[in-house]
>>> print(open('data.tsv').read())   # TSV, N, CA and C atoms
chain	number	residue	atom	x	y	z
A	16	MET	N	143.59	-113.17	35.35
A	16	MET	CA	144.28	-111.95	34.96
A	16	MET	C	145.37	-111.64	36.00
A	17	ALA	N	146.52	-111.24	35.52
A	17	ALA	CA	147.66	-110.97	36.41
A	17	ALA	C	147.41	-109.74	37.27
A	18	GLU	N	147.92	-109.82	38.48
A	18	GLU	CA	147.89	-108.68	39.39
A	18	GLU	C	149.30	-108.49	39.95
A	19	TRP	N	150.11	-107.73	39.22
A	19	TRP	CA	151.50	-107.51	39.59
A	19	TRP	C	151.58	-106.44	40.67
A	20	ILE	N	152.30	-106.75	41.75
A	20	ILE	CA	152.52	-105.76	42.81
A	20	ILE	C	154.01	-105.51	42.96
A	21	ASP	N	154.35	-104.29	43.33
A	21	ASP	CA	155.75	-103.91	43.55
A	21	ASP	C	156.27	-104.51	44.85
A	22	VAL	N	157.49	-105.02	44.80
A	22	VAL	CA	158.15	-105.55	45.99
A	22	VAL	C	159.22	-104.57	46.46
A	23	CYS	N	160.14	-104.24	45.56
A	23	CYS	CA	161.23	-103.32	45.88
A	23	CYS	C	161.97	-102.99	44.58
A	24	ALA	N	162.86	-102.04	44.67
A	24	ALA	CA	163.71	-101.74	43.52
A	24	ALA	C	164.66	-102.92	43.30
A	25	GLN	N	164.95	-103.21	42.04
A	25	GLN	CA	165.84	-104.32	41.71
A	25	GLN	C	167.18	-104.16	42.42
A	26	ALA	N	167.67	-102.94	42.53
A	26	ALA	CA	168.96	-102.68	43.18
A	26	ALA	C	168.94	-103.03	44.67
A	27	ASP	N	167.75	-103.11	45.27
A	27	ASP	CA	167.63	-103.42	46.70
A	27	ASP	C	167.54	-104.91	46.99
A	28	LEU	N	167.65	-105.74	45.94
A	28	LEU	CA	167.55	-107.19	46.13
A	28	LEU	C	168.76	-107.86	45.47
A	29	ALA	N	169.91	-107.65	46.09
A	29	ALA	CA	171.17	-108.20	45.57
A	29	ALA	C	171.19	-109.72	45.70
A	30	ALA	N	172.12	-110.36	45.01
A	30	ALA	CA	172.27	-111.81	45.10
A	30	ALA	C	172.39	-112.23	46.56
A	31	GLY	N	171.63	-113.24	46.94
A	31	GLY	CA	171.63	-113.73	48.31
A	31	GLY	C	170.64	-113.03	49.23
A	32	ALA	N	170.03	-111.96	48.75
A	32	ALA	CA	169.10	-111.19	49.59
A	32	ALA	C	167.69	-111.76	49.50
A	33	ARG	N	166.87	-111.37	50.45
A	33	ARG	CA	165.45	-111.72	50.46
A	33	ARG	C	164.65	-110.52	50.95
A	34	LYS	N	163.42	-110.48	50.55
A	34	LYS	CA	162.54	-109.38	50.93
A	34	LYS	C	161.14	-109.95	51.13
A	35	VAL	N	160.48	-109.56	52.21
A	35	VAL	CA	159.11	-109.98	52.47
A	35	VAL	C	158.19	-108.80	52.21
A	36	VAL	N	157.11	-109.07	51.49
A	36	VAL	CA	156.14	-108.03	51.19
A	36	VAL	C	154.76	-108.51	51.65
A	37	ALA	N	154.03	-107.62	52.32
A	37	ALA	CA	152.66	-107.92	52.73
A	37	ALA	C	151.74	-107.66	51.55
A	38	THR	N	150.86	-108.62	51.26
A	38	THR	CA	149.94	-108.50	50.14
A	38	THR	C	148.52	-108.81	50.63
A	39	ALA	N	147.57	-108.62	49.75
A	39	ALA	CA	146.18	-108.92	50.08
A	39	ALA	C	145.95	-110.40	50.33
A	40	ILE	N	146.85	-111.26	49.84
A	40	ILE	CA	146.70	-112.69	50.03
A	40	ILE	C	147.66	-113.25	51.09
A	41	GLY	N	148.37	-112.39	51.78
A	41	GLY	CA	149.33	-112.81	52.81
A	41	GLY	C	150.74	-112.40	52.44
A	42	ASP	N	151.67	-112.66	53.35
A	42	ASP	CA	153.06	-112.30	53.12
A	42	ASP	C	153.69	-113.20	52.07
A	43	ILE	N	154.51	-112.57	51.21
A	43	ILE	CA	155.25	-113.29	50.18
A	43	ILE	C	156.72	-112.94	50.35
A	44	ALA	N	157.57	-113.97	50.30
A	44	ALA	CA	159.01	-113.78	50.41
A	44	ALA	C	159.63	-113.91	49.02
A	45	VAL	N	160.44	-112.92	48.66
A	45	VAL	CA	161.13	-112.92	47.36
A	45	VAL	C	162.61	-113.10	47.62
A	46	PHE	N	163.23	-114.03	46.91
A	46	PHE	CA	164.63	-114.37	47.09
A	46	PHE	C	165.39	-114.14	45.79
A	47	ASN	N	166.62	-113.67	45.92
A	47	ASN	CA	167.54	-113.57	44.80
A	47	ASN	C	168.59	-114.67	44.99
A	48	LEU	N	168.44	-115.74	44.21
A	48	LEU	CA	169.39	-116.85	44.26
A	48	LEU	C	170.30	-116.76	43.06
A	49	ASP	N	171.48	-116.22	43.26
A	49	ASP	CA	172.47	-116.09	42.19
A	49	ASP	C	171.91	-115.38	40.96
A	50	GLY	N	171.15	-114.31	41.18
A	50	GLY	CA	170.62	-113.51	40.08
A	50	GLY	C	169.26	-113.94	39.57
A	51	GLU	N	168.76	-115.09	40.00
A	51	GLU	CA	167.42	-115.55	39.63
A	51	GLU	C	166.46	-115.22	40.78
A	52	LEU	N	165.31	-114.67	40.45
A	52	LEU	CA	164.34	-114.27	41.47
A	52	LEU	C	163.23	-115.30	41.60
A	53	TYR	N	162.87	-115.59	42.86
A	53	TYR	CA	161.82	-116.55	43.18
A	53	TYR	C	160.95	-115.96	44.29
A	54	ALA	N	159.65	-116.27	44.24
A	54	ALA	CA	158.73	-115.78	45.26
A	54	ALA	C	157.91	-116.96	45.79
A	55	ILE	N	157.82	-117.05	47.12
A	55	ILE	CA	157.05	-118.10	47.77
A	55	ILE	C	156.18	-117.48	48.85
A	56	GLU	N	155.11	-118.20	49.20
A	56	GLU	CA	154.33	-117.73	50.34
A	56	GLU	C	155.20	-117.86	51.58
A	57	ASP	N	155.08	-116.90	52.48
A	57	ASP	CA	155.91	-116.87	53.68
A	57	ASP	C	155.19	-117.57	54.83
A	58	VAL	N	154.78	-118.83	54.58
A	58	VAL	CA	154.04	-119.59	55.58
A	58	VAL	C	154.47	-121.06	55.52
A	59	CYS	N	154.92	-121.59	56.64
A	59	CYS	CA	155.25	-123.00	56.72
A	59	CYS	C	153.95	-123.80	56.75
A	60	THR	N	153.86	-124.82	55.90
A	60	THR	CA	152.64	-125.62	55.86
A	60	THR	C	152.53	-126.58	57.04
A	61	HIS	N	153.56	-126.67	57.84
A	61	HIS	CA	153.50	-127.51	59.04
A	61	HIS	C	152.69	-126.86	60.14
A	62	ASP	N	152.98	-125.58	60.43
A	62	ASP	CA	152.29	-124.95	61.56
A	62	ASP	C	151.88	-123.50	61.32
A	63	GLY	N	152.03	-123.02	60.10
A	63	GLY	CA	151.58	-121.65	59.79
A	63	GLY	C	152.56	-120.57	60.19
A	64	GLY	N	153.73	-120.92	60.67
A	64	GLY	CA	154.74	-119.92	61.03
A	64	GLY	C	155.41	-119.35	59.79
A	65	GLU	N	156.09	-118.23	59.97
A	65	GLU	CA	156.77	-117.59	58.83
A	65	GLU	C	158.03	-118.37	58.49
A	66	LEU	N	158.46	-118.24	57.22
A	66	LEU	CA	159.65	-118.95	56.74
A	66	LEU	C	160.84	-118.05	56.46
A	67	ALA	N	160.58	-116.83	56.04
A	67	ALA	CA	161.61	-115.98	55.45
A	67	ALA	C	162.81	-115.72	56.35
A	68	SER	N	162.63	-115.81	57.67
A	68	SER	CA	163.78	-115.56	58.56
A	68	SER	C	164.64	-116.80	58.74
A	69	GLY	N	164.26	-117.91	58.12
A	69	GLY	CA	165.03	-119.14	58.23
A	69	GLY	C	166.32	-119.08	57.42
A	70	CYS	N	167.18	-120.04	57.66
A	70	CYS	CA	168.43	-120.14	56.93
A	70	CYS	C	168.17	-120.63	55.51
A	71	VAL	N	168.95	-120.13	54.57
A	71	VAL	CA	168.89	-120.58	53.19
A	71	VAL	C	170.14	-121.41	52.93
A	72	ASP	N	169.92	-122.60	52.38
A	72	ASP	CA	171.01	-123.51	52.03
A	72	ASP	C	170.85	-123.84	50.55
A	73	GLY	N	171.59	-123.15	49.70
A	73	GLY	CA	171.43	-123.32	48.25
A	73	GLY	C	170.08	-122.77	47.83
A	74	ASP	N	169.19	-123.66	47.36
A	74	ASP	CA	167.86	-123.21	46.96
A	74	ASP	C	166.79	-123.71	47.93
A	75	VAL	N	167.20	-123.96	49.18
A	75	VAL	CA	166.30	-124.49	50.21
A	75	VAL	C	166.19	-123.49	51.35
A	76	ILE	N	164.94	-123.26	51.80
A	76	ILE	CA	164.70	-122.44	52.99
A	76	ILE	C	164.36	-123.40	54.12
A	77	ILE	N	164.96	-123.17	55.29
A	77	ILE	CA	164.75	-124.03	56.45
A	77	ILE	C	163.88	-123.27	57.44
A	78	CYS	N	162.72	-123.84	57.77
A	78	CYS	CA	161.80	-123.19	58.71
A	78	CYS	C	162.52	-122.94	60.04
A	79	PRO	N	162.47	-121.70	60.54
A	79	PRO	CA	163.17	-121.39	61.78
A	79	PRO	C	162.53	-122.01	63.03
A	80	ARG	N	161.30	-122.51	62.89
A	80	ARG	CA	160.62	-123.06	64.07
A	80	ARG	C	160.89	-124.55	64.28
A	81	HIS	N	160.68	-125.36	63.25
A	81	HIS	CA	160.79	-126.81	63.44
A	81	HIS	C	161.68	-127.50	62.41
A	82	GLY	N	162.34	-126.72	61.55
A	82	GLY	CA	163.34	-127.28	60.66
A	82	GLY	C	162.85	-127.89	59.36
A	83	ALA	N	161.56	-127.76	59.05
A	83	ALA	CA	161.08	-128.25	57.76
A	83	ALA	C	161.82	-127.52	56.65
A	84	ARG	N	162.05	-128.20	55.55
A	84	ARG	CA	162.78	-127.61	54.43
A	84	ARG	C	161.88	-127.56	53.20
A	85	PHE	N	161.98	-126.42	52.48
A	85	PHE	CA	161.20	-126.22	51.27
A	85	PHE	C	162.12	-125.73	50.15
A	86	CYS	N	161.85	-126.17	48.94
A	86	CYS	CA	162.58	-125.69	47.77
A	86	CYS	C	162.05	-124.31	47.41
A	87	ILE	N	162.93	-123.33	47.36
A	87	ILE	CA	162.54	-121.96	47.00
A	87	ILE	C	162.15	-121.88	45.53
A	88	ARG	N	162.74	-122.71	44.69
A	88	ARG	CA	162.47	-122.65	43.25
A	88	ARG	C	161.07	-123.12	42.87
A	89	ASP	N	160.57	-124.15	43.56
A	89	ASP	CA	159.27	-124.71	43.16
A	89	ASP	C	158.29	-124.95	44.31
A	90	GLY	N	158.68	-124.63	45.55
A	90	GLY	CA	157.77	-124.73	46.69
A	90	GLY	C	157.61	-126.11	47.29
A	91	ARG	N	158.32	-127.11	46.77
A	91	ARG	CA	158.17	-128.46	47.29
A	91	ARG	C	158.58	-128.57	48.75
A	92	ALA	N	157.75	-129.28	49.53
A	92	ALA	CA	158.12	-129.64	50.90
A	92	ALA	C	159.13	-130.77	50.79
A	93	LEU	N	160.30	-130.61	51.38
A	93	LEU	CA	161.37	-131.58	51.22
A	93	LEU	C	161.57	-132.49	52.43
A	94	THR	N	161.22	-132.00	53.63
A	94	THR	CA	161.44	-132.80	54.83
A	94	THR	C	160.31	-132.60	55.83
A	95	PRO	N	160.05	-133.62	56.65
A	95	PRO	CA	159.11	-133.45	57.75
A	95	PRO	C	159.65	-132.40	58.72
A	96	PRO	N	158.82	-131.77	59.49
A	96	PRO	CA	157.43	-132.10	59.72
A	96	PRO	C	156.45	-131.52	58.69
A	97	ALA	N	156.92	-130.90	57.63
A	97	ALA	CA	156.02	-130.38	56.59
A	97	ALA	C	155.87	-131.42	55.49
A	98	TYR	N	154.63	-131.61	55.06
A	98	TYR	CA	154.35	-132.56	53.99
A	98	TYR	C	153.66	-131.89	52.81
A	99	GLU	N	153.12	-130.69	53.02
A	99	GLU	CA	152.44	-129.97	51.95
A	99	GLU	C	153.37	-128.90	51.38
A	100	ASP	N	153.33	-128.75	50.06
A	100	ASP	CA	154.14	-127.74	49.38
A	100	ASP	C	153.63	-126.34	49.71
A	101	ILE	N	154.47	-125.35	49.46
A	101	ILE	CA	154.07	-123.95	49.60
A	101	ILE	C	153.85	-123.37	48.21
A	102	GLU	N	153.06	-122.32	48.15
A	102	GLU	CA	152.73	-121.71	46.86
A	102	GLU	C	153.89	-120.84	46.36
A	103	CYS	N	154.11	-120.88	45.06
A	103	CYS	CA	155.10	-120.04	44.39
A	103	CYS	C	154.38	-119.03	43.51
A	104	PHE	N	155.05	-117.91	43.24
A	104	PHE	CA	154.47	-116.84	42.45
A	104	PHE	C	155.44	-116.39	41.38
A	105	PRO	N	154.91	-116.01	40.21
A	105	PRO	CA	155.78	-115.45	39.16
A	105	PRO	C	156.41	-114.13	39.61
A	106	VAL	N	157.65	-113.93	39.18
A	106	VAL	CA	158.38	-112.70	39.50
A	106	VAL	C	158.89	-112.10	38.19
A	107	ARG	N	158.90	-110.78	38.12
A	107	ARG	CA	159.46	-110.10	36.96
A	107	ARG	C	160.11	-108.80	37.40
A	108	ILE	N	160.92	-108.25	36.50
A	108	ILE	CA	161.50	-106.91	36.67
A	108	ILE	C	160.80	-106.01	35.66
A	109	GLU	N	160.21	-104.94	36.14
A	109	GLU	CA	159.52	-103.98	35.27
A	109	GLU	C	160.01	-102.58	35.63
A	110	GLN	N	160.71	-101.95	34.69
A	110	GLN	CA	161.25	-100.60	34.88
A	110	GLN	C	162.05	-100.50	36.18
A	111	GLY	N	162.91	-101.49	36.40
A	111	GLY	CA	163.81	-101.48	37.56
A	111	GLY	C	163.16	-101.89	38.88
A	112	MET	N	161.90	-102.33	38.82
A	112	MET	CA	161.16	-102.71	40.03
A	112	MET	C	160.88	-104.22	40.02
A	113	VAL	N	161.18	-104.89	41.14
A	113	VAL	CA	160.83	-106.29	41.29
A	113	VAL	C	159.33	-106.36	41.57
A	114	GLN	N	158.64	-107.20	40.79
A	114	GLN	CA	157.21	-107.35	40.96
A	114	GLN	C	156.84	-108.83	41.05
A	115	VAL	N	155.75	-109.08	41.79
A	115	VAL	CA	155.22	-110.44	41.98
A	115	VAL	C	153.77	-110.44	41.53
A	116	ASP	N	153.38	-111.51	40.83
A	116	ASP	CA	152.00	-111.68	40.40
A	116	ASP	C	151.26	-112.47	41.48
A	117	ILE	N	150.36	-111.80	42.21
A	117	ILE	CA	149.65	-112.47	43.30
A	117	ILE	C	148.36	-113.15	42.82
A	118	ASP	N	148.11	-113.09	41.53
A	118	ASP	CA	146.90	-113.71	40.97
A	118	ASP	C	147.28	-114.82	40.01
A	119	ALA	N	148.40	-115.45	40.25
A	119	ALA	CA	148.89	-116.49	39.31
A	119	ALA	C	148.10	-117.77	39.45
>>> encode(input="data.tsv", output="structure tokens")
Amino acid sequence: MAEWIDVCAQADLAAGARKVVATAIGDIAVFNLDGELYAIEDVCTHDGGELASGCVDGDVIICPRHGARFCIRDGRALTPPAYEDIECFPVRIEQGMVQVDIDA
């Protein structure tokens, strides 16, 4: 069963922006990539560090600690030192609010 949680108002997540929300299952980073919204766990699978403060290159987030790259769209680990993918979550807009399903 879905468990949708509020992240922020849609107006607060402009194209190119990101927002991290603390949830019962850990931090989730939500990205607006050219009007499409994506949510990933905010944890590098290499060492457990956060990802959201890293640089974004197209649809790739670069871990700020050791440079591992992950696809924001599907969570795939793209480069060492990370070999395990990160979890992705469904995102929707409901009454002007960005929401993430943490029970997907």
>>> atom_distance(input="data.tsv", atom1="CA of Gly31 (chain A)", atom2="CA of Leu52 (chain A)")
10.0 Å
>>> atom_distance(input="data.tsv", atom1="atom C of Cys23 (chain A)", atom2="atom C of Val115 (chain A)")
11.5 Å
>>> atom_distance(input="data.tsv", atom1="CA of Val22 (chain A)", atom2="CA of Phe104 (chain A)")
12.4 Å
>>> axis_aligned_box(input="data.tsv", around="region 63-82 of chain A", padding_each_side="5 Å", output="lines of an AutoDock Vina configuration file")
center_x = 161.6
center_y = -121.7
center_z = 55.6
size_x = 30.0
size_y = 22.3
size_z = 27.3
>>> closest_residue(input="data.tsv", among="A:Leu28, A:Ile20, A:Ala67, A:Ile87", to="Ala44 (chain A)", atoms="only C-alpha atoms")
A:Ala67
>>> closest_residue(input="data.tsv", among="A:Leu48, A:Cys59, A:Ile76, A:Val113", to="Ile101 (chain A)", atoms="only C-alpha atoms")
A:Cys59
>>> residues_around(input="data.tsv", residues="Pro95 (chain A)", least_positions_apart="3", cutoff="6 Å", atoms="all atoms listed in the file", output="PyMOL selection string")
chain A and resi 82-84+98
>>> write_last_selection(input="data.tsv", atoms="N, CA and C atoms", output="mmCIF file, in the coordinates of the input")
data_model
loop_
_atom_site.group_PDB
_atom_site.id
_atom_site.type_symbol
_atom_site.label_atom_id
_atom_site.label_comp_id
_atom_site.auth_asym_id
_atom_site.auth_seq_id
_atom_site.Cartn_x
_atom_site.Cartn_y
_atom_site.Cartn_z
ATOM 1 N N GLY A 82 162.340 -126.720 61.550
ATOM 2 C CA GLY A 82 163.340 -127.280 60.660
ATOM 3 C C GLY A 82 162.850 -127.890 59.360
ATOM 4 N N ALA A 83 161.560 -127.760 59.050
ATOM 5 C CA ALA A 83 161.080 -128.250 57.760
ATOM 6 C C ALA A 83 161.820 -127.520 56.650
ATOM 7 N N ARG A 84 162.050 -128.200 55.550
ATOM 8 C CA ARG A 84 162.780 -127.610 54.430
ATOM 9 C C ARG A 84 161.880 -127.560 53.200
ATOM 10 N N TYR A 98 154.630 -131.610 55.060
ATOM 11 C CA TYR A 98 154.350 -132.560 53.990
ATOM 12 C C TYR A 98 153.660 -131.890 52.810
#
>>> select_by_dssp(input="data.tsv", residues="chain A", states="strand (DSSP E or B)", output="ChimeraX atom specification")
/A:19-24,33-38,41-48,51-56,71-72,75-77,84-86,92,103-104,106-109,112-116
>>> residues_near_point(input="data.tsv", point="(153.6, -106.8, 49.5)", cutoff="6 Å", atoms="all atoms listed in the file", output="tab-separated table (two decimals) with N, CA and C atoms, in the frame of the given file")
chain	number	residue	atom	x	y	z
A	21	ASP	N	154.35	-104.29	43.33
A	21	ASP	CA	155.75	-103.91	43.55
A	21	ASP	C	156.27	-104.51	44.85
A	22	VAL	N	157.49	-105.02	44.80
A	22	VAL	CA	158.15	-105.55	45.99
A	22	VAL	C	159.22	-104.57	46.46
A	35	VAL	N	160.48	-109.56	52.21
A	35	VAL	CA	159.11	-109.98	52.47
A	35	VAL	C	158.19	-108.80	52.21
A	36	VAL	N	157.11	-109.07	51.49
A	36	VAL	CA	156.14	-108.03	51.19
A	36	VAL	C	154.76	-108.51	51.65
A	37	ALA	N	154.03	-107.62	52.32
A	37	ALA	CA	152.66	-107.92	52.73
A	37	ALA	C	151.74	-107.66	51.55
A	38	THR	N	150.86	-108.62	51.26
A	38	THR	CA	149.94	-108.50	50.14
A	38	THR	C	148.52	-108.81	50.63
>>> closest_residue(input="data.tsv", among="A:Asp118, A:Ala17, A:Glu109, A:Asp62", to="Ala97 (chain A)", atoms="only N, CA and C atoms")
A:Asp62
>>> residues_around(input="data.tsv", residues="Gly111 (chain A)", least_positions_apart="2", cutoff="6 Å", atoms="only C-alpha atoms", output="PyMOL selection string")
chain A and resi 24-25+108-109
>>> residues_around(input="data.tsv", residues="Glu65 (chain A)", least_positions_apart="6", cutoff="10 Å", atoms="only C-alpha atoms", output="PyMOL selection string")
chain A and resi 42-44+56-59+78-80
>>> closest_residue(input="data.tsv", among="A:Ala32, A:His61, A:Leu66, A:Ile55", to="Glu99 (chain A)", atoms="all atoms listed in the file")
A:His61
>>> residues_around(input="data.tsv", residues="Val75 (chain A)", least_positions_apart="2", cutoff="7 Å", atoms="all atoms listed in the file", output="JSON, numbers by chain")
{"A": [70, 71, 72, 73, 77, 84, 85, 86, 87, 88]}
